[in-house]
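Asks: Would you mind keeping the following structure in view while I ask a few things?
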Amino acid sequence: MSANTGALWEHYENLEQQHEANVLGMWVFLATELLIFGALFTGYAAYRAQGDYSASFEHASSKLNLGIGAVNTVVLLTSSLTMALAVRAARLGRRRALVVLLLLTALFGTVFMGFKAVEYYEDYEKKLVPGLAFDPEEWRHGPVKPGPVQLFLMFYYVMTGLHAVHLTLGIAIMLTLAVMAGRGSFSPRWYAPVDIWGLYWHFVDVVWIFLLPLLYLIGTHGKF
Amino acid sequence: MAERVSSPTTYYAVFGALIALTALTVGVSLLNLGPWHTAVGLAIATTKALLVALFFMHLLHGSRLAWVALAVGVFWLGILMVLTLADYLTRPWLYN
Amino acid sequence: MSIITSPFRPQGIALAPAPGPGRRPVHYLNAAYGVRSWLLTTDHKRIALLYLVSLTLMFIIGGLAATLIRLDLLTPSNKMMHADTYNKMFSAHGIIMIFFFLVAAIPAVFGNFFLPMMIGARDLAFPRLNLASWYVYVAGAVMILWVIFGGGVDTGWTFYTPYSSKSSHTQVLPTLVAAVLAGFSSVFTALNLIVTTHRLRAPGMTWFRLPLFVWSMYATSFIVLLATPVLAMALILVGVERACGVGIFDPALGGDPVLFQHLFWFYSHPAVYIMVLPAMGVVSEIIPCFARKNVFGYGFIAFSSIGIAVVGFLVWAHHMFVAGISVYAALIFSLLSYLVAVPSAIKVFNWTATLYRGSVSLQTPMLCCLGFIGLFTMGGLTGLFLAALAVDVHVHDTYFVIAHFHFIMVGGTVMAYMGALHYWWPKMTGRMYPEGLGRIAAVIIFVGFILTFLPQFVLGYLGMPRRYHFYAPEFQVLNVLSTAGASILAVGYALPLTYLLWSLRWGEKAGPNPWNATGLEWQTPSPPPPHNFAETPVVTCGPYEYTLQEEAASVG
């Protein structure tokens, strides 16, 4: 129902209108994604706003692997660069460049996931997983209490976990787009799928941009 | 589709800025800023997000409706946060 | 190519080619046959019918649960079912009716079917996403039915923690999945409706020439898109807490169960506007048609839809006045809750003004809408009682609240749904329903409804709590009245189910415009051809031209 020259649906006047509708659709979808992650940020903010939780939150945060967090940020930003360049290549009709850039984007995403897996495993070894590997007594000193520490860690896992799910979906989509691009499905007249899934990819990057300071950087002062 | 094609230089420049800001946010977090940590971290993150949105996501030269969709999403998240925090932040007023 | 020149639309609309002698006209129902042509369709009209069938089924099941509840409440100390079973009954009733009927009912059936036609488009912006939304809905529906018939869930449709996340031994996790699926389905539909309204309007169809139904679909979709993701997250977090044994709402960890309530009601309050705004849109279409008069205050009605959508997001904690939130926050939410009544009231004034000095004819759609206006007004006004902090402390979690929201949801939305069903039935099916039976059904529903729910205001005020399977003996008379009303209501709903199905085979064939209504959807044959319009219409006038019509008729 939508091969390349058959990409135009009957109810659209032309490909441009269809492209614009697709782009608007993706932006509206990203607004909903903003709210779904936003609910998590809200919960996090609600707890952090309660004065006596900050110490526990910051202490727990300081145990996370900042090195991997920072490296992963760079990896994801690089993937956004390759994605932006990929959309540009699509618009200019450069098929080989498009395929390569899409594959690179997927590659960087996979590298991120690899580091994430290593990091999760390390978190498990360091007994930072409530319910699975966690010793409440480790976290009972001064203003730090095991309860809020576990709250922070739950937010950490759910936020990065949800992000990882989105990233994995993104990688799968990038690979699919690369295959389609290789087959010549896109042209300067029709490259909307690359455009819109690029928007999705950048959004996933933006989420991580906010996760970095809120999860990794609240307990770092005086660390080194 | 009617938007101009950005030159790759723009993208590389934005990328450079993003990396620099990442280094900045990590570096700043090592300093002792007291209560200002979160604000500074969020400010830098917002700047990075804006760079991604304006340039990588083509908001700068794109359709206005996309702007509106994003702005509405952000504003509504603001409503959720502000009114929820209105509860949490004013609860201690009663205890004192 | 045949062109019809309608008296109210000078430029004429091109229809599909007239069939040759002996050939049946091709419309969306007979354009293709076979199960695959239905299950793999991308035609918004077919998808609307798929939804109609599934929604009707869910309504019946939800109604069965209500029947069992009302039967149990005939006597003060229940002999009919175990307390746990009663909990599962009201949970099933709420979950099904809200997540699997009311949220989707008007948007997924009439929004899907008529929004494209009303704006002069040939389909929705994303036809495959439309089909996907139905499949996701069905997946959720199958899941919830599997839960209900396989043991049930007893948390209530509100899933309050820590009961739902820690203590309940019923099938909470699959229920959460089902609810999230239903939510995603509604998000896909809403996304489609919004993008379609922005990008697929026919030439000349400016925003202020849009039918008010489209405005209300837009406002509804706006709410769905911004509220549902927050609910999804709230439910996912409960699921995580349940699955992992550790969560963020757990008081033992310093967590706050009320945080769940904030996230839950951030969706669930706007959700009631998701459920009522489409109904208001339907009323705005039907009233002008059957009063033969242009709607009074088009701009006011259009903007009040947006106003309801926006202000509706600012009031959610009025469900939490007694949950332990800060009293200062409660004050803010109480004041905002008074504010949100204003745009709804504006609509009621405008509909009334439309009726005034109109040439009113009392066909079934009109009867349903008149019922809507009366019952919605009563329900809405009782909402103001609840917005008052001091009153709410007294009547929270009593039958007063139940009566309030049933007046709006059933007296309002379901009546409007019935009105829409009858109004657009000839267009969707090409058949007329028997008008006499329709009017009788509308009256029976109205009478049955009042008898069911009016006593519940009194019960609640007198102190009968909700979600209890037993009650103090002095409440029995009112409960019996209520159950009697419910049985009448059931007859009222059973009637259309039978005669509408009957009409599919034996109903009188309908022409393109049996009501002499204005609007692009009435400029097509009944049933419409697969792509609605052979040529994209060009719009040069507003959506309601009844007054001009009457003037032309009286002069000529």
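Ligands are numbered from 1 in the order shown, chains are lettered A, B, ... in the order of the structure tokens, and residues start at 1 in each chain.
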Excluding Thr413 (chain C) and residues on its chain fewer than 2 positions from it, collect all residues at most 9 Å away from it, counting only C-alpha atoms, and give them as JSON, numbers by chain.
Replies: {"C": [102, 106, 275, 276, 277, 278, 279, 280, 372, 376, 407, 408, 409, 410, 411, 415, 416, 417, 418]}
Asks: Among region 428-474 of chain C, which ones does DSSP assign to helix (DSSP H, G or I) (computed from the backbone)? Answer as a PyMOL selection string.
Replies: chain C and resi 428-429+435-462+473-474
Asks: List every residue of chain C that has an atom at most 9 Å from any atom of chain B, giving for each one its closest atom pair and the distance in Å to one decimal, counting only C-alpha atoms, sorted by chain and then by ascending residue number, as a tab-separated table.
Replies:
residue	atom	partner	partner_atom	distance
C:Leu226	CA	B:Gly73	CA	7.1
C:Leu259	CA	B:Thr84	CA	8.3
C:His262	CA	B:Thr84	CA	6.7
C:Leu263	CA	B:Leu80	CA	8.3
C:Phe266	CA	B:Leu80	CA	7.2
C:Phe313	CA	B:Ile79	CA	8.0
C:Leu314	CA	B:Ile79	CA	7.5
C:Ala317	CA	B:Thr84	CA	8.8
C:Ile325	CA	B:Asp87	CA	5.9
C:Ser326	CA	B:Arg91	CA	4.6
C:Val327	CA	B:Arg91	CA	7.7
C:Tyr328	CA	B:Thr90	CA	6.6
C:Ala329	CA	B:Asp87	CA	5.1
C:Ala330	CA	B:Asp87	CA	7.9
C:Phe333	CA	B:Leu83	CA	8.9
Asks: Write the residues of the preceding selection, restricted to C-alpha atoms, as a PDB file, in the first residue's frame.
Replies:
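Once written, selection.pdb looks like this:
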ATOM      1  CA  LEU C 226      -1.685  15.192  27.296  1.00  0.00           C
ATOM      2  CA  LEU C 259       1.707  10.591  44.752  1.00  0.00           C
ATOM      3  CA  HIS C 262      -1.796  12.853  41.920  1.00  0.00           C
ATOM      4  CA  LEU C 263      -0.571  11.047  38.824  1.00  0.00           C
ATOM      5  CA  PHE C 266      -4.090  14.146  36.555  1.00  0.00           C
ATOM      6  CA  PHE C 313      -6.402  19.962  33.744  1.00  0.00           C
ATOM      7  CA  LEU C 314      -6.195  22.289  36.704  1.00  0.00           C
ATOM      8  CA  ALA C 317      -6.941  17.177  43.307  1.00  0.00           C
ATOM      9  CA  ILE C 325      -3.051  16.763  50.646  1.00  0.00           C
ATOM     10  CA  SER C 326      -2.109  20.161  51.948  1.00  0.00           C
ATOM     11  CA  VAL C 327      -5.144  22.283  52.739  1.00  0.00           C
ATOM     12  CA  TYR C 328      -3.586  25.196  50.856  1.00  0.00           C
ATOM     13  CA  ALA C 329      -3.360  23.109  47.711  1.00  0.00           C
ATOM     14  CA  ALA C 330      -6.925  21.959  48.345  1.00  0.00           C
ATOM     15  CA  PHE C 333      -8.032  23.192  43.501  1.00  0.00           C
TER      16      PHE C 333
END
Asks: Pick out the chain A residues within 9 Å of chain C. Count only C-alpha atoms. Give them as a ChimeraX atom specification.
Replies: /A:10-12,17-18,20-22,24-25,28-29,31-40,42-43,46-47,53,130-132,145-152,154-155,158
Asks: What does the file look like for those residues with C-alpha atoms, as an mmCIF file, in the first residue's frame?
Replies:
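Final output, saved to part_33.cif:
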data_model
loop_
_atom_site.group_PDB
_atom_site.id
_atom_site.type_symbol
_atom_site.label_atom_id
_atom_site.label_comp_id
_atom_site.auth_asym_id
_atom_site.auth_seq_id
_atom_site.Cartn_x
_atom_site.Cartn_y
_atom_site.Cartn_z
ATOM 1 C CA GLU A 10 -5.114 8.453 -1.977
ATOM 2 C CA HIS A 11 -6.544 10.876 0.525
ATOM 3 C CA TYR A 12 -3.589 13.246 0.292
ATOM 4 C CA GLN A 17 1.036 17.423 2.353
ATOM 5 C CA GLN A 18 1.594 13.834 3.418
ATOM 6 C CA GLU A 20 3.816 17.579 6.663
ATOM 7 C CA ALA A 21 1.062 15.486 8.194
ATOM 8 C CA ASN A 22 3.590 12.822 9.171
ATOM 9 C CA LEU A 24 3.059 16.952 12.722
ATOM 10 C CA GLY A 25 1.947 13.495 13.811
ATOM 11 C CA VAL A 28 2.261 15.398 18.622
ATOM 12 C CA PHE A 29 3.404 11.892 19.567
ATOM 13 C CA ALA A 31 4.458 15.657 23.184
ATOM 14 C CA THR A 32 2.785 12.585 24.667
ATOM 15 C CA GLU A 33 6.203 11.042 25.289
ATOM 16 C CA LEU A 34 7.188 14.214 27.080
ATOM 17 C CA LEU A 35 4.295 13.687 29.428
ATOM 18 C CA ILE A 36 5.022 10.025 30.051
ATOM 19 C CA PHE A 37 8.615 10.698 31.033
ATOM 20 C CA GLY A 38 7.443 13.874 32.683
ATOM 21 C CA ALA A 39 5.307 11.901 35.114
ATOM 22 C CA LEU A 40 8.510 10.236 36.317
ATOM 23 C CA THR A 42 7.343 14.866 38.593
ATOM 24 C CA GLY A 43 7.490 11.995 41.059
ATOM 25 C CA ALA A 46 7.987 15.587 44.559
ATOM 26 C CA TYR A 47 10.255 13.406 46.651
ATOM 27 C CA TYR A 53 15.261 13.134 51.347
ATOM 28 C CA PRO A 130 16.359 -2.729 45.689
ATOM 29 C CA GLY A 131 14.475 -5.964 45.965
ATOM 30 C CA LEU A 132 17.245 -7.914 44.277
ATOM 31 C CA LYS A 145 18.159 6.564 55.240
ATOM 32 C CA PRO A 146 17.598 3.312 53.332
ATOM 33 C CA GLY A 147 13.984 4.144 52.428
ATOM 34 C CA PRO A 148 14.616 7.263 50.318
ATOM 35 C CA VAL A 149 17.751 5.655 48.908
ATOM 36 C CA GLN A 150 15.575 2.903 47.509
ATOM 37 C CA LEU A 151 13.133 5.461 46.185
ATOM 38 C CA PHE A 152 15.943 7.168 44.301
ATOM 39 C CA MET A 154 13.741 2.872 41.788
ATOM 40 C CA PHE A 155 13.472 6.145 39.899
ATOM 41 C CA VAL A 158 12.519 3.002 35.847
#
Asks: Excluding region 19-24 of chain B and its own-chain neighbours fewer than 2 positions away, which residues fall within 12 Å of it when counting only C-alpha atoms? Please give them as an NGL selection string.
Replies: (:A and (67 or 69-78 or 80-81 or 208-210 or 212-213 or 217)) or (:B and (12-17 or 26-31 or 40-49 or 51-52))
Asks: With C-alpha atoms kept, could you save the residues just selected as a PDB file, in the first residue's frame?
Replies:
ATOM      1  CA  GLY A  67      32.060   7.675  34.031  1.00  0.00           C
ATOM      2  CA  GLY A  69      26.957   8.039  32.433  1.00  0.00           C
ATOM      3  CA  ALA A  70      29.116  10.758  30.916  1.00  0.00           C
ATOM      4  CA  VAL A  71      30.523   8.553  28.160  1.00  0.00           C
ATOM      5  CA  ASN A  72      27.049   7.381  27.285  1.00  0.00           C
ATOM      6  CA  THR A  73      25.933  10.991  27.002  1.00  0.00           C
ATOM      7  CA  VAL A  74      28.678  11.645  24.478  1.00  0.00           C
ATOM      8  CA  VAL A  75      27.775   8.477  22.580  1.00  0.00           C
ATOM      9  CA  LEU A  76      24.135   9.480  22.353  1.00  0.00           C
ATOM     10  CA  LEU A  77      24.941  13.035  21.291  1.00  0.00           C
ATOM     11  CA  THR A  78      27.151  11.627  18.543  1.00  0.00           C
ATOM     12  CA  SER A  80      22.112  12.509  17.168  1.00  0.00           C
ATOM     13  CA  LEU A  81      24.726  14.113  14.956  1.00  0.00           C
ATOM     14  CA  TRP A 208      18.923  11.393  28.397  1.00  0.00           C
ATOM     15  CA  ILE A 209      20.211  14.979  28.443  1.00  0.00           C
ATOM     16  CA  PHE A 210      17.898  15.576  31.387  1.00  0.00           C
ATOM     17  CA  LEU A 212      22.251  12.902  33.303  1.00  0.00           C
ATOM     18  CA  PRO A 213      22.168  15.836  35.740  1.00  0.00           C
ATOM     19  CA  LEU A 217      25.226  14.706  39.016  1.00  0.00           C
TER      20      LEU A 217
ATOM     21  CA  TYR B  12      29.058  19.939  13.637  1.00  0.00           C
ATOM     22  CA  ALA B  13      29.026  23.261  15.445  1.00  0.00           C
ATOM     23  CA  VAL B  14      25.943  22.296  17.411  1.00  0.00           C
ATOM     24  CA  PHE B  15      27.512  18.953  18.207  1.00  0.00           C
ATOM     25  CA  GLY B  16      30.611  20.684  19.468  1.00  0.00           C
ATOM     26  CA  ALA B  17      28.538  22.926  21.676  1.00  0.00           C
ATOM     27  CA  VAL B  26      29.915  17.394  34.738  1.00  0.00           C
ATOM     28  CA  GLY B  27      32.647  19.819  35.762  1.00  0.00           C
ATOM     29  CA  VAL B  28      30.303  22.232  37.485  1.00  0.00           C
ATOM     30  CA  SER B  29      28.725  19.412  39.440  1.00  0.00           C
ATOM     31  CA  LEU B  30      32.079  18.700  41.069  1.00  0.00           C
ATOM     32  CA  LEU B  31      32.165  22.159  42.572  1.00  0.00           C
ATOM     33  CA  VAL B  40      22.525  24.924  37.167  1.00  0.00           C
ATOM     34  CA  GLY B  41      22.318  21.335  35.970  1.00  0.00           C
ATOM     35  CA  LEU B  42      18.803  21.875  34.639  1.00  0.00           C
ATOM     36  CA  ALA B  43      19.769  25.161  33.013  1.00  0.00           C
ATOM     37  CA  ILE B  44      22.608  23.510  31.120  1.00  0.00           C
ATOM     38  CA  ALA B  45      20.403  20.558  30.208  1.00  0.00           C
ATOM     39  CA  THR B  46      17.715  22.902  28.913  1.00  0.00           C
ATOM     40  CA  THR B  47      20.271  24.677  26.771  1.00  0.00           C
ATOM     41  CA  LYS B  48      21.445  21.374  25.309  1.00  0.00           C
ATOM     42  CA  ALA B  49      17.864  20.284  24.703  1.00  0.00           C
ATOM     43  CA  LEU B  51      20.119  23.118  20.700  1.00  0.00           C
ATOM     44  CA  VAL B  52      18.968  19.625  19.753  1.00  0.00           C
TER      45      VAL B  52
END
Asks: Applying 10 Å and only C-alpha atoms, which residues near Gln363 (chain C) remain after dropping the ones on its own chain fewer than 6 positions away? List them as a list in words.
Replies: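 Residues meeting the cut-off are Phe290, Gly419, His422, Tyr423, Glu435, Gly436, Gly438, Arg439, Ala442 and Trp515 of chain C.
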Asks: Considering only C-alpha atoms, return as a PDB file with N, CA and C atoms, in the first residue's frame whatever protein or nucleic-acid residues lie within 10 Å of Ile98 (chain C), sequence-local ones (same chain, fewer than 3 positions apart) excluded.
Replies:
ATOM      1  N   PHE C  59     -20.109  -2.544  26.551  1.00  0.00           N
ATOM      2  CA  PHE C  59     -21.157  -1.845  27.289  1.00  0.00           C
ATOM      3  C   PHE C  59     -22.101  -2.859  27.930  1.00  0.00           C
ATOM      4  N   GLY C  62     -20.295  -4.473  30.882  1.00  0.00           N
ATOM      5  CA  GLY C  62     -20.240  -3.524  31.989  1.00  0.00           C
ATOM      6  C   GLY C  62     -21.609  -3.333  32.603  1.00  0.00           C
ATOM      7  N   ALA C  92     -15.071  -4.164  38.035  1.00  0.00           N
ATOM      8  CA  ALA C  92     -15.294  -4.510  36.631  1.00  0.00           C
ATOM      9  C   ALA C  92     -16.161  -3.458  35.960  1.00  0.00           C
ATOM     10  N   HIS C  93     -17.241  -3.061  36.663  1.00  0.00           N
ATOM     11  CA  HIS C  93     -18.153  -2.083  36.090  1.00  0.00           C
ATOM     12  C   HIS C  93     -17.428  -0.784  35.761  1.00  0.00           C
ATOM     13  N   GLY C  94     -16.670  -0.289  36.725  1.00  0.00           N
ATOM     14  CA  GLY C  94     -15.960   0.974  36.505  1.00  0.00           C
ATOM     15  C   GLY C  94     -14.911   0.873  35.421  1.00  0.00           C
ATOM     16  N   ILE C  95     -14.071  -0.156  35.497  1.00  0.00           N
ATOM     17  CA  ILE C  95     -12.981  -0.285  34.526  1.00  0.00           C
ATOM     18  C   ILE C  95     -13.530  -0.415  33.120  1.00  0.00           C
ATOM     19  N   PHE C 101     -15.474   1.782  27.449  1.00  0.00           N
ATOM     20  CA  PHE C 101     -16.637   2.276  26.734  1.00  0.00           C
ATOM     21  C   PHE C 101     -16.605   3.791  26.570  1.00  0.00           C
ATOM     22  N   LEU C 102     -16.706   4.509  27.693  1.00  0.00           N
ATOM     23  CA  LEU C 102     -16.950   5.948  27.592  1.00  0.00           C
ATOM     24  C   LEU C 102     -15.836   6.725  26.907  1.00  0.00           C
ATOM     25  N   VAL C 103     -14.584   6.381  27.213  1.00  0.00           N
ATOM     26  CA  VAL C 103     -13.478   7.151  26.642  1.00  0.00           C
ATOM     27  C   VAL C 103     -13.494   7.055  25.127  1.00  0.00           C
ATOM     28  N   ALA C 104     -13.767   5.863  24.617  1.00  0.00           N
ATOM     29  CA  ALA C 104     -13.680   5.644  23.173  1.00  0.00           C
ATOM     30  C   ALA C 104     -14.998   5.895  22.457  1.00  0.00           C
ATOM     31  N   ALA C 105     -16.138   5.795  23.169  1.00  0.00           N
ATOM     32  CA  ALA C 105     -17.433   5.654  22.484  1.00  0.00           C
ATOM     33  C   ALA C 105     -17.656   6.642  21.344  1.00  0.00           C
ATOM     34  N   TRP C 157     -11.798   0.953  39.998  1.00  0.00           N
ATOM     35  CA  TRP C 157     -11.140   1.430  38.772  1.00  0.00           C
ATOM     36  C   TRP C 157     -10.058   2.447  39.102  1.00  0.00           C
ATOM     37  N   ALA C 179      -5.604  -1.736  30.914  1.00  0.00           N
ATOM     38  CA  ALA C 179      -5.929  -0.304  30.967  1.00  0.00           C
ATOM     39  C   ALA C 179      -4.931   0.507  30.152  1.00  0.00           C
ATOM     40  N   SER C 268      -7.346  11.195  35.248  1.00  0.00           N
ATOM     41  CA  SER C 268      -8.730  10.770  35.392  1.00  0.00           C
ATOM     42  C   SER C 268      -9.700  11.910  35.558  1.00  0.00           C
ATOM     43  N   ALA C 271     -10.108  13.016  32.124  1.00  0.00           N
ATOM     44  CA  ALA C 271     -10.795  11.920  31.447  1.00  0.00           C
ATOM     45  C   ALA C 271     -12.303  12.133  31.425  1.00  0.00           C
ATOM     46  N   VAL C 272     -12.838  12.741  32.487  1.00  0.00           N
ATOM     47  CA  VAL C 272     -14.284  12.927  32.463  1.00  0.00           C
ATOM     48  C   VAL C 272     -14.653  13.941  31.393  1.00  0.00           C
ATOM     49  N   MET C 275     -14.777  12.211  28.241  1.00  0.00           N
ATOM     50  CA  MET C 275     -16.027  11.477  28.078  1.00  0.00           C
ATOM     51  C   MET C 275     -17.204  12.398  27.775  1.00  0.00           C
ATOM     52  N   MET C 409     -22.223  11.030  33.162  1.00  0.00           N
ATOM     53  CA  MET C 409     -21.730  10.008  32.251  1.00  0.00           C
ATOM     54  C   MET C 409     -22.867   9.257  31.558  1.00  0.00           C
TER      55      MET C 409
END
Asks: So which one's closest to Trp425 (chain C), C:Ser334, C:Leu462, C:Glu545, C:Phe114? Using only C-alpha atoms, please.
Replies: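 Of C:Ser334, C:Leu462, C:Glu545, C:Phe114, the one nearest Trp425 (chain C), counting only C-alpha atoms, is C:Phe114.
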Asks: Give me, please, the distance in Å between CA of Pro465 (chain C) and CA of Asn479 (chain C), quoted to one decimal.
Replies: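 Atom-to-atom, CA of Pro465 (chain C) to CA of Asn479 (chain C), that is 12.4 Å.
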Asks: So how far away is CA of Gly239 (chain C) from CA of Lys166 (chain C), in Å?
Replies: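 These two atoms are separated by 10.0 Å.
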Asks: So, with only C-alpha atoms as the atoms that count, which of C:Leu500, C:Met217, C:Val172, C:Leu193 lies closest to Leu235 (chain C)?
Replies: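 Going through C:Leu500, C:Met217, C:Val172, C:Leu193 one by one, the smallest distance to Leu235 (chain C) is for C:Val172.
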Asks: Select, from B:Thr9, B:Ala71, B:Phe55, B:Met81, the residue with the minimum atom-to-atom distance to chain A, counting only C-alpha atoms.
Replies: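 Among the listed residues, the smallest separation from chain A belongs to B:Met81.
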Asks: What's the separation between CA of Arg94 (chain A) and CA of Ala66 (chain B), in Å to one decimal place?
Replies: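 The value is 26.4 Å.
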Asks: Pick out the closest residue to chain B from this set: A:Trp9, A:Lys116, A:Ala60, A:Ala90. Count only C-alpha atoms.
Replies: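 Answer, going by the shortest atom-to-atom distance: A:Ala90.
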